[in-house]
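Have a look at the structure below before the remarks.
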Amino acid sequence: MLKLIFLGIGFILLFEGIIYFLLARKINIMLEIISSYEPEKIQFISSMLIILGLCIIYFTFRNYETAI
């Protein structure tokens with residue numbers, strides 16, 4: 001189980017690094033856009049992403065539990 005946690009953290013860092021690498025020149029623009037949003041809207045979007053992530057994790061373990 002610990003192996004899967006480290007694997008997940010590694011993938012998160014990999015994908016975030018790729019996004020920042022590819023969009024390095026546009027990060028300031030993205031941060032300005034994000035800072036113009038109300039905190040409640042950012043919290044709502046974040047909570048939806050958390051729920052989506054949890055659903056993906058749940059269904060992955062549910063459907064592929066014999067493979068892991």
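By convention here, the chains of the structure tokens are called A, B, ... in the order presented, each chain's residues are numbered starting at 1, and ligands are numbered starting at 1 in the order presented.
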Which of chain A fall in alpha helix (DSSP H), as a PyMOL selection string: chain A and resi 2-22+27-36+39-63
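Residues within 12 Å of Met30 (chain A), counting only C-alpha atoms and excluding same-chain residues fewer than 6 positions away, are Ile19, Tyr20, Leu23, Ala24, Ser36 and Tyr37 of chain A.
Put simply, CA of Ile12 (chain A) is 11.6 Å away from CA of Gly53 (chain A).
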